[in-house]
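Structure, as structure tokens:
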Amino acid sequence: MAMQWMLQQTYNVFCLSFPLCSPHIIFLSQSVLRGGSHICGTRLCHEIAHSWFGLAIGARDWTEEWISEGFATFLEDVFWARAQQLLCDEEKEQQELKALLRWRRLRDEVQNSEEELQVLRPRKESTGEVSESGASVVKHGLKAEKVFMQVHYLKGYFLLRSLASRLGEASYFASLRKFVYKFHGQLVLSQDFLSTLLEDIPEQKE
């Protein structure tokens, strides 16, 4: 019993404020499990979304971390609305409010950070390239402030939100499912997602 209590306390300290996801397991703290908290619910949905984007499908070039974090941020709203069993109008209202809050956060971050750290694809045409030894470079990887930035979460989220709005929810999620099935267990680039999307909606290519 004493050992079990000690392990539980260690677990609580480790996970108290940081829900995180790894293959086949999500670590949760009691602060999440007690329920009744909107923030805890959305955080949990975000980590569940990483089961698909971040774990089952990852970024081939980590300078494109938006592929993991942008998708997880977008899908956390979808999962959380389903978990709450919201009506269509309630879901739309909640998502509009969250979009507004994220826009304000993104605006503040863009105004108070280096422009080169705000780019979703900083390596441009060389994204995904590796050296002869097989090594690749994470641009800006040593910049300490980048660890605390949300720009890749938020810009990725707004890109996906814009695509869903333009294409229609049914078409968008059908293409998203196709993408997940096609690239499950692989590392991808932005072009892989966009190419899959445009296979079903070539009229949007322009």
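Letters for chains follow the order of the structure tokens (A, B, ...), residue numbers begin at 1 for each chain, and ligand numbers begin at 1 in the order shown.
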query: Any idea what's packed within 9 Å of range 191-197 of chain A, counting only C-alpha atoms, ignoring anything in its chain fewer than 3 positions away? Could you give it as a ChimeraX atom specification?
result: /A:67,172,175-176,178-179,182-183,188,200-202
- request: Could you tell me, as a PyMOL selection string, which residues of range 48-115 of chain A DSSP assigns to alpha helix (DSSP H) when given the backbone?
  value: chain A and resi 48-49+66-84+88-111
- prompt: Interatomic distance between CA of Leu160 in chain A and CA of Phe173 in chain A?
  reply: 10.8 Å
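Near Arg105 in chain A, within a cut-off of 12 Å and counting only C-alpha atoms, sit the residues Lys98, Ala99, Gln111, Asn112, Met149, Gln150, Val151, Tyr153, Leu154 and Lys155 of chain A, with same-chain residues fewer than 6 positions away left out.
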With C-alpha atoms retained, export the selected residues as a CSV table (one decimal), in the first residue's frame.
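Generated output (selection-v2.csv):
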```csv
chain,number,residue,atom,x,y,z
A,98,LYS,CA,-13.0,29.7,-29.5
A,99,ALA,CA,-11.9,30.9,-32.9
A,111,GLN,CA,3.0,41.3,-32.8
A,112,ASN,CA,5.5,40.3,-30.1
A,149,MET,CA,5.1,29.9,-29.1
A,150,GLN,CA,1.6,28.9,-30.1
A,151,VAL,CA,1.9,30.2,-33.7
A,153,TYR,CA,-0.9,25.5,-33.3
A,154,LEU,CA,-2.9,28.6,-34.2
A,155,LYS,CA,-1.9,29.2,-37.9
```
